[in-house]
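Colleague: This is run.txt (compact mmCIF, C-alpha atoms).
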```txt
# COMPACT_ATOMS: atom_id res chain seq x y z
CA MET A 19 293.56 145.29 175.32
CA THR A 20 290.92 143.65 177.48
CA PHE A 21 287.28 143.14 176.55
CA GLN A 22 286.17 145.22 179.52
CA ALA A 23 288.33 148.19 178.49
CA LEU A 24 286.87 148.24 174.99
CA GLU A 25 283.36 147.60 176.26
CA THR A 26 283.47 150.66 178.52
CA SER A 27 285.36 152.93 176.12
CA TYR A 28 283.65 155.84 174.37
CA ASP A 29 284.65 155.13 170.79
CA GLN A 30 287.21 152.30 170.58
CA GLY A 31 284.86 149.36 170.66
CA GLU A 32 283.64 147.41 167.62
CA PRO A 33 281.24 144.89 169.16
CA ILE A 34 280.62 141.64 167.29
CA LEU A 35 279.04 138.32 168.17
CA LEU A 36 280.17 134.77 167.49
CA PHE A 37 277.50 132.08 167.09
CA ASP A 38 278.54 128.44 167.61
CA PHE A 39 275.76 125.95 166.80
CA SER A 40 276.60 122.35 167.73
CA VAL A 41 274.72 119.18 166.79
CA GLY A 42 276.48 115.97 167.66
CA ILE A 43 280.12 116.46 166.66
CA ALA A 44 279.25 118.95 163.91
CA HIS A 45 279.56 122.71 164.38
CA PHE A 46 278.17 125.65 162.42
CA ARG A 47 280.06 128.83 163.33
CA TYR A 48 279.14 132.35 162.20
CA THR A 49 280.02 135.91 163.15
CA THR A 50 278.36 139.29 162.73
CA ALA A 51 281.75 140.77 161.76
CA ASP A 52 282.39 141.91 158.19
CA ARG A 53 285.10 139.30 157.78
CA ALA A 54 285.88 135.79 158.99
CA ILE A 55 287.11 135.54 162.58
CA THR A 56 289.32 132.87 164.14
CA TYR A 57 288.65 132.41 167.85
CA LEU A 58 290.14 129.65 170.02
CA SER A 59 291.43 128.00 166.81
CA ASN A 60 287.90 127.82 165.38
CA ALA A 61 286.90 129.69 162.21
CA TYR A 62 283.70 131.76 162.22
CA ALA A 63 282.35 132.74 158.82
CA SER A 64 280.94 136.21 158.26
CA ALA A 65 277.19 135.77 157.78
CA PRO A 66 273.85 137.64 158.01
CA ILE A 67 272.92 136.65 161.56
CA SER A 68 271.69 138.48 164.66
CA ARG A 69 269.97 137.83 167.97
CA SER A 70 267.21 139.58 169.85
CA PRO A 71 268.12 141.66 172.92
CA LEU A 72 268.88 139.75 176.09
CA LYS A 73 266.38 140.04 178.90
CA VAL A 74 267.18 139.74 182.58
CA GLY A 75 264.42 138.37 184.77
CA ALA A 76 263.56 135.93 187.51
CA GLU A 77 261.76 133.56 185.14
CA LEU A 78 263.71 131.41 182.71
CA LYS A 79 261.04 131.84 180.04
CA GLN A 80 261.85 135.54 179.92
CA GLN A 81 265.45 134.74 179.01
CA THR A 82 264.66 133.11 175.67
CA ILE A 83 266.04 134.71 172.52
CA GLU A 84 265.43 134.66 168.78
CA VAL A 85 268.30 134.25 166.35
CA THR A 86 267.61 135.47 162.83
CA ALA A 87 269.83 134.10 160.06
CA GLY A 88 269.88 133.69 156.31
CA ARG A 89 267.92 130.64 155.23
CA ASP A 90 270.80 129.44 153.05
CA LEU A 91 273.14 128.96 156.02
CA GLY A 92 274.09 125.44 156.99
CA VAL A 93 272.38 125.60 160.37
CA ALA A 94 269.12 126.65 158.69
CA GLN A 95 269.28 123.64 156.38
CA LEU A 96 268.97 121.38 159.42
CA TYR A 97 265.34 122.48 159.69
CA THR A 98 264.22 122.34 156.05
CA ALA A 99 262.23 119.11 156.41
CA GLN A 100 262.13 118.36 160.13
CA PRO A 101 264.33 119.31 163.06
CA PRO A 102 267.27 117.09 164.06
CA ALA A 103 266.43 114.26 166.43
CA ILE A 104 269.12 115.45 168.83
CA PRO A 105 269.40 118.86 170.52
CA VAL A 106 271.15 121.72 168.71
CA GLY A 107 273.25 123.67 171.19
CA LEU A 108 274.15 127.32 170.84
CA THR A 109 276.93 129.35 172.45
CA ILE A 110 277.11 133.08 171.74
CA THR A 111 280.36 134.88 172.45
CA ALA A 112 280.74 138.65 172.55
CA MET A 113 283.98 140.39 171.58
CA HIS A 114 285.33 143.48 169.83
CA GLN A 115 286.67 143.29 166.30
CA SER A 116 289.14 146.07 167.15
CA ASP A 117 290.67 143.98 169.96
CA PRO A 118 294.08 142.71 168.77
CA ASP A 119 293.89 139.93 171.36
CA LEU A 120 290.31 138.96 170.35
CA GLN A 121 289.33 138.40 173.95
CA GLY A 122 285.83 136.96 174.07
CA VAL A 123 283.19 136.70 176.77
CA VAL A 124 280.43 134.11 176.68
CA ASP A 125 277.23 136.07 176.16
CA TRP A 126 274.57 133.34 176.15
CA ILE A 127 274.39 129.52 176.26
CA GLY A 128 271.37 127.42 175.40
CA ARG A 129 269.74 125.33 172.70
CA VAL A 130 267.56 125.77 169.66
CA MET A 131 263.99 124.66 170.29
CA ALA A 132 262.23 125.45 167.00
CA ALA A 133 262.59 127.23 163.68
CA ARG A 134 260.23 129.64 161.97
CA TRP A 135 260.70 130.52 158.30
CA LYS A 136 260.28 134.18 157.43
CA SER A 137 260.80 135.37 153.85
CA SER A 138 264.52 134.94 153.07
CA ALA A 139 265.46 134.28 156.69
CA VAL A 140 264.91 131.69 159.40
CA VAL A 141 264.15 132.62 162.99
CA LEU A 142 265.54 130.15 165.52
CA LEU A 143 263.72 130.13 168.84
CA CYS A 144 266.26 129.44 171.60
CA GLU A 145 266.01 128.87 175.33
CA PRO A 146 268.77 129.09 177.95
CA VAL A 147 270.67 126.03 179.08
CA LEU A 148 269.20 126.17 182.59
CA THR A 149 265.79 125.09 181.29
CA SER A 150 267.26 121.67 180.47
CA VAL A 151 267.67 120.90 184.16
CA GLN A 152 264.06 121.60 185.02
CA THR A 153 262.35 118.51 186.45
CA VAL A 154 258.75 117.45 187.00
CA GLY A 155 259.35 115.71 190.33
CA LEU A 156 259.10 112.00 191.05
CA ARG A 157 258.23 109.90 188.01
CA ARG A 158 258.22 106.39 189.50
CA ARG A 159 254.78 104.91 190.08
CA TRP A 160 253.46 101.66 191.45
CA GLN A 161 252.79 99.97 188.13
CA ILE A 162 252.98 96.62 186.44
CA GLN A 163 255.17 97.60 183.52
CA CYS A 164 258.78 98.73 183.85
CA PRO A 165 259.26 102.54 183.85
CA HIS A 166 262.96 102.46 182.93
CA VAL A 167 264.26 103.83 179.64
CA LEU A 168 265.40 100.95 177.46
CA TYR A 169 269.22 100.86 177.28
CA GLY A 170 269.29 103.59 179.93
CA VAL A 171 271.33 103.61 183.14
CA GLN A 172 268.62 102.03 185.31
CA CYS A 173 267.75 99.48 182.63
CA GLY A 174 271.37 98.46 182.17
CA VAL A 175 271.00 96.62 178.84
CA ASN A 176 273.92 97.18 176.47
CA PRO A 177 272.45 97.98 173.03
CA ALA A 178 275.56 96.97 171.05
CA PRO A 179 274.90 93.19 170.96
CA TYR A 180 271.37 93.78 169.64
CA ALA A 181 272.26 96.24 166.86
CA VAL A 182 271.29 95.07 163.37
CA SER A 183 273.07 97.00 160.63
CA ALA A 184 271.49 96.91 157.19
CA THR A 185 271.70 98.43 153.73
CA LEU A 186 268.35 100.00 152.83
CA SER A 187 266.43 98.43 149.96
CA THR A 188 263.74 101.11 149.74
CA VAL A 189 262.84 104.42 151.33
CA ALA A 190 259.24 105.65 151.10
CA GLY A 191 258.55 108.59 153.35
CA ASN A 192 258.97 107.42 156.92
CA VAL A 193 259.04 103.71 155.95
CA ILE A 194 262.39 102.02 155.29
CA THR A 195 263.05 98.38 154.38
CA ALA A 196 266.07 96.10 154.44
CA ALA A 197 266.61 92.35 154.13
CA PRO A 198 268.28 91.82 157.56
CA TRP A 199 265.14 93.10 159.26
CA THR A 200 263.08 90.16 157.98
CA VAL A 201 264.56 88.21 160.90
CA ALA A 202 263.79 88.87 164.56
CA PRO A 203 266.65 90.64 166.39
CA GLY A 204 266.57 87.90 168.99
CA ALA A 205 264.30 85.32 170.61
CA GLY A 206 261.25 87.12 171.97
CA LEU A 207 262.42 90.51 170.68
CA SER A 208 260.85 92.93 168.22
CA PHE A 209 262.00 96.10 166.48
CA THR A 210 258.71 97.80 167.37
CA GLY A 211 259.35 100.44 170.01
CA GLY A 212 263.07 100.48 169.26
CA PHE A 213 264.98 103.00 167.21
CA VAL A 214 267.29 103.42 164.22
CA THR A 215 270.45 105.49 163.82
CA PHE A 216 271.85 106.91 160.61
CA ASP A 217 274.98 108.94 159.94
CA ASN A 218 273.79 111.62 157.51
CA GLY A 219 277.26 113.10 157.17
CA THR A 220 276.60 115.94 159.60
CA TYR A 221 275.38 114.18 162.73
CA ILE A 222 273.88 110.86 163.84
CA GLU A 223 270.15 110.97 163.14
CA ARG A 224 267.87 108.87 165.37
CA ARG A 225 264.24 107.90 164.87
CA THR A 226 261.80 105.76 166.86
CA ILE A 227 260.38 102.63 165.24
CA ASN A 228 256.59 102.77 165.47
CA GLN A 229 255.89 99.52 163.64
CA TRP A 230 257.85 96.57 162.29
CA THR A 231 256.65 94.27 159.49
CA LEU A 232 258.56 91.01 159.77
CA ALA A 233 257.59 89.63 156.34
CA THR A 234 259.00 92.58 154.39
CA GLY A 235 261.58 93.93 156.82
CA ALA A 236 259.82 97.30 156.83
CA LEU A 237 260.23 99.76 159.68
CA ALA A 238 257.69 102.57 160.03
CA LEU A 239 259.47 105.43 161.79
CA ASP A 240 258.03 108.34 163.75
CA ASP A 241 259.39 110.72 161.11
CA VAL A 242 261.38 110.83 157.89
CA LEU A 243 265.00 109.72 158.24
CA LYS A 244 266.63 112.79 156.78
CA GLY A 245 269.25 112.05 154.12
CA ALA A 246 268.59 108.30 153.94
CA ILE A 247 268.20 106.75 150.47
CA ALA A 248 268.27 103.24 149.06
CA GLY A 249 271.76 101.93 149.64
CA SER A 250 272.31 103.89 152.86
CA THR A 251 273.49 102.02 155.95
CA VAL A 252 271.10 102.18 158.90
CA ILE A 253 271.39 100.47 162.27
CA ALA A 254 268.22 99.22 163.99
CA TYR A 255 267.84 98.38 167.66
CA PRO A 256 264.95 96.31 169.11
CA GLY A 257 262.38 97.78 171.46
CA CYS A 258 260.72 96.63 174.67
CA ASP A 259 257.09 96.43 175.80
CA ARG A 260 258.21 96.85 179.45
CA SER A 261 256.86 93.45 180.46
CA THR A 262 258.73 90.84 182.50
CA THR A 263 258.57 88.52 179.49
CA ASN A 264 260.32 91.00 177.25
CA CYS A 265 262.79 91.84 180.01
CA GLN A 266 263.63 88.14 180.31
CA ALA A 267 264.34 88.06 176.55
CA TYR A 268 267.10 90.57 177.26
CA SER A 269 268.27 88.43 180.22
CA ASN A 270 267.70 91.51 182.34
CA LEU A 271 264.89 90.50 184.71
CA PRO A 272 266.77 91.55 187.90
CA ASN A 273 266.66 95.16 186.64
CA HIS A 274 262.93 95.14 185.81
CA GLY A 275 261.45 98.20 187.51
CA GLY A 276 257.78 97.22 187.46
CA ASP A 277 255.58 95.43 189.98
CA PRO A 278 254.11 92.52 188.02
CA TYR A 279 252.26 91.04 191.01
CA ILE A 280 249.99 93.95 191.81
CA PRO A 281 246.57 92.41 192.72
CA SER A 282 244.00 92.71 189.98
CA ILE A 283 241.19 93.09 192.53
CA ASN A 284 240.86 96.17 194.72
CA PRO A 285 240.87 94.73 198.28
CA MET A 286 238.77 97.66 199.57
CA THR A 287 235.94 97.63 197.02
CA GLY A 288 236.29 94.26 195.30
CA ALA A 289 236.33 96.01 191.93
CA THR A 290 238.55 94.74 189.12
CA ILE A 291 241.45 97.12 188.55
CA TYR A 292 242.66 95.68 185.27
```
Would you encode the structure as structure tokens?

Modeller:
Amino acid sequence: MTFQALETSYDQGEPILLFDFSVGIAHFRYTTADRAITYLSNAYASAPISRSPLKVGAELKQQTIEVTAGRDLGVAQLYTAQPPAIPVGLTITAMHQSDPDLQGVVDWIGRVMAARWKSSAVVLLCEPVLTSVQTVGLRRRWQIQCPHVLYGVQCGVNPAPYAVSATLSTVAGNVITAAPWTVAPGAGLSFTGGFVTFDNGTYIERRTINQWTLATGALALDDVLKGAIAGSTVIAYPGCDRSTTNCQAYSNLPNHGGDPYIPSINPMTGATIY
């Protein structure tokens, strides 16, 4: 029997929802049904979970939803200390439990933006996928420093040769230390402004390096590296100050996107610009 036939029937439908949260290669799948459901070869566990009513409007902000779930669910545990460093996607599929063919229809697609704890539940604030393609217009400016994202497409630097894997000696809040980081990652390079990656068993966590102490091999991150302890393996990548000097250290000067020869004197007023 088709989804549409059950959806429009008077009393044959048993509507349920399937929630598929994805973070990296990990998935957390739940259903509102009273038993586990297998859909497209994926198992959805029966769980206390629901979403707010869908709204149809011209503005994307009006299409946001709230998903309420038990705070002991795996997806809720992702937000116990701080949110994941990578987006958490969400696909909601509607179907009828009474359908022998379990024909599903995608009900909503988007991502989780924030979590709010409420008694024994967590409320996940979600926005539709279309908001991710919103842009702010042109971002390039006439500037001295390079505007490209390090290791990005326009930058072109391959991060693999500069990766420094290390076994953590200590973990104190957002500061981690390791012996290999007492050596510069390359001539003229620094870990400051770079990032670290860590496989916490569920997904690859990533944090920005705010400060690097060469003498001790300490990296001060922008947030706690969730799940990392002494003995964990963490990979650090050097940063870039967007200058031509730093770009040359990566042997990447032809891709530098800045304008290092902007005059320092305003030719109209004679005032010093920088």

Colleague: With segment 245-249 of chain A as the partner and 12 Å as the cut-off, tabulate the residues of segment 84-174 of chain A that qualify, each row holding the nearest pair of atoms and their distance in Å to one decimal, using all atoms listed in the file, sorted by chain and rising number, as a Markdown table.

Modeller:
```
| residue | atom | partner | partner_atom | distance |
| --- | --- | --- | --- | --- |
| A:Gln95 | CA | A:Gly245 | CA | 11.8 |
| A:Leu96 | CA | A:Gly245 | CA | 10.7 |
| A:Thr98 | CA | A:Gly245 | CA | 11.6 |
| A:Ala99 | CA | A:Gly245 | CA | 10.2 |
| A:Gln100 | CA | A:Gly245 | CA | 11.3 |
| A:Pro102 | CA | A:Gly245 | CA | 11.3 |
```

Colleague: Looking at all atoms listed in the file, which of A:Leu243, A:Ala61, A:Ala112, A:Ala196 is the one that sits closest to Trp230 of chain A?

Modeller: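 Among A:Leu243, A:Ala61, A:Ala112, A:Ala196, it is A:Ala196 that comes nearest to Trp230 of chain A.
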
Colleague: Tell me, as a PyMOL selection string, which residues lie within 7 Å of Ser261 of chain A, counting only C-alpha atoms; anything in the same chain fewer than 2 positions away does not count.

Modeller: chain A and resi 163-164+259+263-265

Colleague: From (282.6, 130.6, 151.8), in the file's coordinates, out to 12 Å: which residues are reached, counting only C-alpha atoms? Answer as a PyMOL selection string.

Modeller: chain A and resi 47-48+53-54+61-65+90-92

Colleague: Work out how far apart atom CA of Val171 of chain A and atom CA of Lys244 of chain A are and give it in Å to one decimal.

Modeller: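 Result for atom CA of Val171 of chain A versus atom CA of Lys244 of chain A: 28.3 Å, one decimal.
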
Colleague: If we count all atoms listed in the file and set the cut-off at 8 Å, which residues sit around Leu232 of chain A, ignoring sequence neighbours fewer than 4 positions away in its own chain? Please answer as a list in words.

Modeller: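 Using all atoms listed in the file, the neighbours found are Trp199, Thr200, Val201, Ala202 and Ala236 of chain A.
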